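Let me begin by presenting the structure, written as structure tokens, before commenting on it.
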Amino acid sequence: MTRVASRAYWNEALETVAPGPLADLTARLLREQLAYAARRSAFYRAKWAAAAVDPARVSGPDDLPALPFTEKPDLVAAQAGGGPFGTNQAAPADALVRMQATGGTTGRPLRMAMTRRDVQTYNEVGARAAWAAGLRPGDILFECMNYSLYAGGVSDHLTFETVGACVAPVGVGQSRRLLEILGDLGADAMLYSTPSYARHLAEVAREQGLDPRGLRLRRGLFSGDAGLANRAYRDAIEETYGLVARNIYGTGETAPVAAECDLADGLHFLGQGTFHPELVDPATGAPVALRDGADGELVLTTLTREAHPLIRFRTHDQIRVTTAPCACGRTGFRFRVLGRTDDMFIVRGVNVFPLAVGDVLGEFQPDVTGEFQVVLLEPPPLVRPPVVRVEAAAGLPETTWPALAERVGTRIRELLMFTADVEVLAAGTLPRTELKARRLVRAETDSSQ
Ligand SMILES: [Zn+2]
């Protein structure tokens, strides 16, 4: 495959910016964005008036915690406030060129529009992420994300085109056709999907008698669920296809703001000049200093958004930060996603993220498939131990399952410091999905009465 002479970064000036100039740029853009929101968004005017705060007093990021958070349900509620996009529509109707919707598993979808400049900004940030993750002109990328309204569909697609790659809009539910095309392609290609979809596609391939390694998928860019944070899950995908896996992080309301570089040692924040990141304590909302080793919920503020500014938007993703310099030269801090703050549960005073259970299971491969589910039997406070359902690998004798359950329970107790009631199930028992894997089942919302 011919390659253009490769540069190291998509946007060297911003991806390697030093802290001082970044702080100056952020402060200036933040003041402008707040003034814009105060002028154009009835939603923010009302929110700030109710909190008795004056955005004009925010001169830089250090003052930002004076302003209230923005939660997704607030934005959904604001849709009812008139017009197609409600009271946080800050740009005129004739400036809007794209609409997408996020959420929808619970509650009403949040409708979000973009102006032409918002699209360019999304493409710019997404291109930095895709470039960091290894996408280049000359690559053929099969995008297997949900294109129906979801930002990860068309919007991410166009970030890859911005890089200059050749992108195929596959979508979901097209696995058989995709396998046909890959079989005929006669060239190396790349995949963009959720980690769950990659597992699903491999199963469909095997059902058809195809070895996934024969598909010539040489690199996978993954996003949409945190599965790749689990080392064993990631290794299994890389091994299954013989590909290099790289993680991209974003939320449907913001953009792909982070990605792994060649060194794959955490997600680099790449939203410089576009998003301002903060860390907060998910329980109290108190600011957490963004320093090496810090844990906190990621909160993002848009710096240039025209259609729907987002000021202190809570992602509900709990992250752990690394600030040590990376050999790639990018200065954006690195992080790994620990889990959804909404998925965190507390067992006898210990905070647990279901993803951490997946990490423990990594030690037990190949005896387990890696699929799992945590079932909470009651609303908090938990008295009965959570049930952890794991799948035995196909062919593992059933007589060995009780001992496996015992060993998994012991490691969970040692590493995560809680007692679980481990159930071993047959391979393929837990629900598979082409989209996001569902790892936590809560009794109060999920069981029948
Ligand atoms: Zn790096």
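Letters A, B, ... mark the chains of the structure tokens in the order given; residue numbers begin at 1 per chain; ligand numbers begin at 1, in order shown.
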
Next on the checklist: If we count only C-alpha atoms and set the cut-off at 10 Å, which residues sit around Arg176 of chain A, ignoring sequence neighbours fewer than 5 positions away in its own chain? Please answer as a PyMOL selection string.
Outcome noted: chain A and resi 181-182+201+204-205+208

Expected file: the selected residues, N, CA and C atoms, as a compact mmCIF listing (two decimals), in the first residue's frame:
```txt
# COMPACT_ATOMS: atom_id res chain seq x y z
N ILE A 181 -17.64 -8.72 1.40
CA ILE A 181 -16.78 -7.68 0.80
C ILE A 181 -15.33 -7.88 1.22
N LEU A 182 -15.13 -8.16 2.50
CA LEU A 182 -13.75 -8.36 2.98
C LEU A 182 -13.11 -9.55 2.28
N LEU A 201 -18.69 -9.90 15.18
CA LEU A 201 -18.31 -10.16 13.79
C LEU A 201 -17.45 -11.43 13.69
N VAL A 204 -19.76 -14.38 13.81
CA VAL A 204 -20.47 -14.58 12.54
C VAL A 204 -19.52 -15.19 11.51
N ALA A 205 -18.28 -14.70 11.49
CA ALA A 205 -17.30 -15.25 10.54
C ALA A 205 -17.09 -16.74 10.79
N GLN A 208 -19.62 -19.04 9.60
CA GLN A 208 -19.55 -19.27 8.15
C GLN A 208 -18.30 -20.02 7.75
```

Item to check | Surrounding residues as a PyMOL selection string, ligand 1, max 7 Å, only C-alpha atoms and all ligand atoms | outcome: chain A and resi 260-263+268+326-330

Store the residues picked out above, limited to C-alpha atoms, as a CSV table (one decimal), in the first residue's frame.
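Output saved as selection_16.csv:
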```csv
chain,number,residue,atom,x,y,z
A,260,GLU,CA,-4.5,6.2,22.1
A,261,CYS,CA,-1.3,6.9,20.2
A,262,ASP,CA,1.3,4.4,18.9
A,263,LEU,CA,2.4,3.7,22.5
A,268,HIS,CA,-4.5,11.3,25.1
A,326,CYS,CA,4.5,10.4,26.5
A,327,ALA,CA,7.2,9.6,24.1
A,328,CYS,CA,5.0,10.4,21.2
A,329,GLY,CA,5.3,14.1,22.1
A,330,ARG,CA,1.6,14.8,22.6
```

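Take atom CA of Pro277 of chain A and atom CA of Gly224 of chain A: the distance between them is 19.2 Å.
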
Next on the checklist: Neighbouring residues of segment 43-52 of chain A were defined as those with any atom within 7 Å, considering only C-alpha atoms; residues of the same chain fewer than 4 positions away were excluded. Please report them as a PyMOL selection string.
Outcome noted: chain A and resi 37-38+78+87-88

Please produce an output containing C-alpha atoms for each residue in the selection, written as a compact mmCIF listing (two decimals), in the first residue's frame.
```
# COMPACT_ATOMS: atom_id res chain seq x y z
CA ALA A 37 -23.95 31.36 25.64
CA ALA A 38 -25.15 34.22 27.85
CA ALA A 78 -34.95 22.20 27.69
CA THR A 87 -33.93 26.73 24.70
CA ASN A 88 -30.29 25.73 24.24
```

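Among A:Thr331, A:Asn230, A:Asn146, A:Thr369, the residue with the shortest atom-to-atom distance to Gly173 of chain A, counting only C-alpha atoms, is A:Asn146.
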
Segment 80-85 of chain A surroundings by only C-alpha atoms, 7 Å radius, close-in-sequence under 3 positions cut, as a PDB file with N, CA and C atoms, in the first residue's frame:
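Final file, part-v9.pdb:
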```
ATOM      1  N   ALA A  77     -34.886  18.207  28.973  1.00  0.00           N
ATOM      2  CA  ALA A  77     -36.045  18.980  29.436  1.00  0.00           C
ATOM      3  C   ALA A  77     -36.134  20.305  28.682  1.00  0.00           C
ATOM      4  N   ASN A  88     -31.740  25.641  24.410  1.00  0.00           N
ATOM      5  CA  ASN A  88     -30.288  25.729  24.242  1.00  0.00           C
ATOM      6  C   ASN A  88     -29.884  25.757  22.769  1.00  0.00           C
ATOM      7  N   GLN A  89     -30.816  26.074  21.897  1.00  0.00           N
ATOM      8  CA  GLN A  89     -30.434  26.310  20.504  1.00  0.00           C
ATOM      9  C   GLN A  89     -29.880  27.728  20.427  1.00  0.00           C
ATOM     10  N   ARG A 111     -31.938  15.807  21.101  1.00  0.00           N
ATOM     11  CA  ARG A 111     -31.701  16.234  19.728  1.00  0.00           C
ATOM     12  C   ARG A 111     -30.620  17.308  19.727  1.00  0.00           C
ATOM     13  N   MET A 112     -29.611  17.107  18.925  1.00  0.00           N
ATOM     14  CA  MET A 112     -28.546  18.105  18.854  1.00  0.00           C
ATOM     15  C   MET A 112     -28.260  18.429  17.404  1.00  0.00           C
TER      16      MET A 112
END
```

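Among the candidates A:Arg216, A:Ala130, A:Ser196, A:Val288, the one nearest to Asn247 of chain A when counting only C-alpha atoms is A:Ala130.
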
With 9 Å as the cut-off and only C-alpha atoms counted, what is the closest atom pair between each nearby residue of segment 68-147 of chain A and segment 298-304 of chain A? Distances in Å to one decimal, ordered by chain and number, as JSON lines.
```
{"residue": "A:Phe69", "atom": "CA", "partner": "A:Val299", "partner_atom": "CA", "distance": 8.5}
{"residue": "A:Arg117", "atom": "CA", "partner": "A:Thr304", "partner_atom": "CA", "distance": 8.8}
{"residue": "A:Asp118", "atom": "CA", "partner": "A:Thr304", "partner_atom": "CA", "distance": 7.8}
{"residue": "A:Thr121", "atom": "CA", "partner": "A:Thr304", "partner_atom": "CA", "distance": 8.1}
```

Checklist entry - segment 53-130 of chain A: which residues are strand (DSSP E or B) by DSSP, as a list in words? => result Thr70, Leu96, Val97, Arg98, Met99, Gln100, Ala101, Thr102, Leu110, Arg111, Met112, Ala113, Met114 and Thr115 of chain A

Could you save those same residues with N, CA and C atoms as a PDB file, in the first residue's frame?
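The file below, part-v9.pdb, is the result:
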```pdb
ATOM      1  N   THR A  70     -23.935  21.030  33.744  1.00  0.00           N
ATOM      2  CA  THR A  70     -25.004  20.730  32.802  1.00  0.00           C
ATOM      3  C   THR A  70     -25.160  19.217  32.762  1.00  0.00           C
ATOM      4  N   LEU A  96     -28.001  25.898  10.800  1.00  0.00           N
ATOM      5  CA  LEU A  96     -27.861  24.491  11.194  1.00  0.00           C
ATOM      6  C   LEU A  96     -27.789  23.610   9.951  1.00  0.00           C
ATOM      7  N   VAL A  97     -26.815  22.687   9.941  1.00  0.00           N
ATOM      8  CA  VAL A  97     -26.660  21.827   8.764  1.00  0.00           C
ATOM      9  C   VAL A  97     -26.761  20.342   9.080  1.00  0.00           C
ATOM     10  N   ARG A  98     -26.799  19.970  10.338  1.00  0.00           N
ATOM     11  CA  ARG A  98     -26.875  18.542  10.683  1.00  0.00           C
ATOM     12  C   ARG A  98     -27.609  18.404  12.006  1.00  0.00           C
ATOM     13  N   MET A  99     -28.338  17.292  12.117  1.00  0.00           N
ATOM     14  CA  MET A  99     -29.007  17.003  13.382  1.00  0.00           C
ATOM     15  C   MET A  99     -28.732  15.545  13.718  1.00  0.00           C
ATOM     16  N   GLN A 100     -28.479  15.298  14.990  1.00  0.00           N
ATOM     17  CA  GLN A 100     -28.371  13.915  15.444  1.00  0.00           C
ATOM     18  C   GLN A 100     -29.034  13.814  16.807  1.00  0.00           C
ATOM     19  N   ALA A 101     -29.151  12.620  17.302  1.00  0.00           N
ATOM     20  CA  ALA A 101     -29.807  12.425  18.585  1.00  0.00           C
ATOM     21  C   ALA A 101     -28.975  11.456  19.395  1.00  0.00           C
ATOM     22  N   THR A 102     -28.934  11.669  20.691  1.00  0.00           N
ATOM     23  CA  THR A 102     -28.142  10.786  21.550  1.00  0.00           C
ATOM     24  C   THR A 102     -29.048  10.154  22.589  1.00  0.00           C
ATOM     25  N   LEU A 110     -31.939  13.069  23.132  1.00  0.00           N
ATOM     26  CA  LEU A 110     -31.533  14.468  23.089  1.00  0.00           C
ATOM     27  C   LEU A 110     -31.208  14.824  21.640  1.00  0.00           C
ATOM     28  N   ARG A 111     -31.938  15.807  21.101  1.00  0.00           N
ATOM     29  CA  ARG A 111     -31.701  16.234  19.728  1.00  0.00           C
ATOM     30  C   ARG A 111     -30.620  17.308  19.727  1.00  0.00           C
ATOM     31  N   MET A 112     -29.611  17.107  18.925  1.00  0.00           N
ATOM     32  CA  MET A 112     -28.546  18.105  18.854  1.00  0.00           C
ATOM     33  C   MET A 112     -28.260  18.429  17.404  1.00  0.00           C
ATOM     34  N   ALA A 113     -28.057  19.718  17.146  1.00  0.00           N
ATOM     35  CA  ALA A 113     -27.759  20.158  15.788  1.00  0.00           C
ATOM     36  C   ALA A 113     -26.340  20.719  15.745  1.00  0.00           C
ATOM     37  N   MET A 114     -25.841  20.883  14.539  1.00  0.00           N
ATOM     38  CA  MET A 114     -24.506  21.444  14.352  1.00  0.00           C
ATOM     39  C   MET A 114     -24.559  22.505  13.264  1.00  0.00           C
ATOM     40  N   THR A 115     -23.802  23.574  13.451  1.00  0.00           N
ATOM     41  CA  THR A 115     -23.598  24.531  12.374  1.00  0.00           C
ATOM     42  C   THR A 115     -22.431  24.026  11.527  1.00  0.00           C
TER      43      THR A 115
END
```

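Nearest residue to Pro309 of chain A, choosing from A:Val17, A:Ala35, A:Leu215, A:Ala289 and counting only C-alpha atoms: A:Ala35.
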
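Atom pair atom CA of Ala42 of chain A / atom CA of Phe313 of chain A: separated by 16.6 Å.
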
Checklist entry - as a PyMOL selection string, which residues of segment 135-371 of chain A does DSSP assign to alpha helix (DSSP H)? => result chain A and resi 154-163+175-185+195-207+231-241+354-362

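Residues in contact with Gly171 of chain A at up to 6 Å, not including ones fewer than 2 positions away on its chain and judged by only C-alpha atoms, are Cys144, Met145, Asn146, Tyr147 and Pro169 of chain A.
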
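Atom CA of Ala356 of chain A is positioned 15.5 Å from atom CA of Leu376 of chain A.
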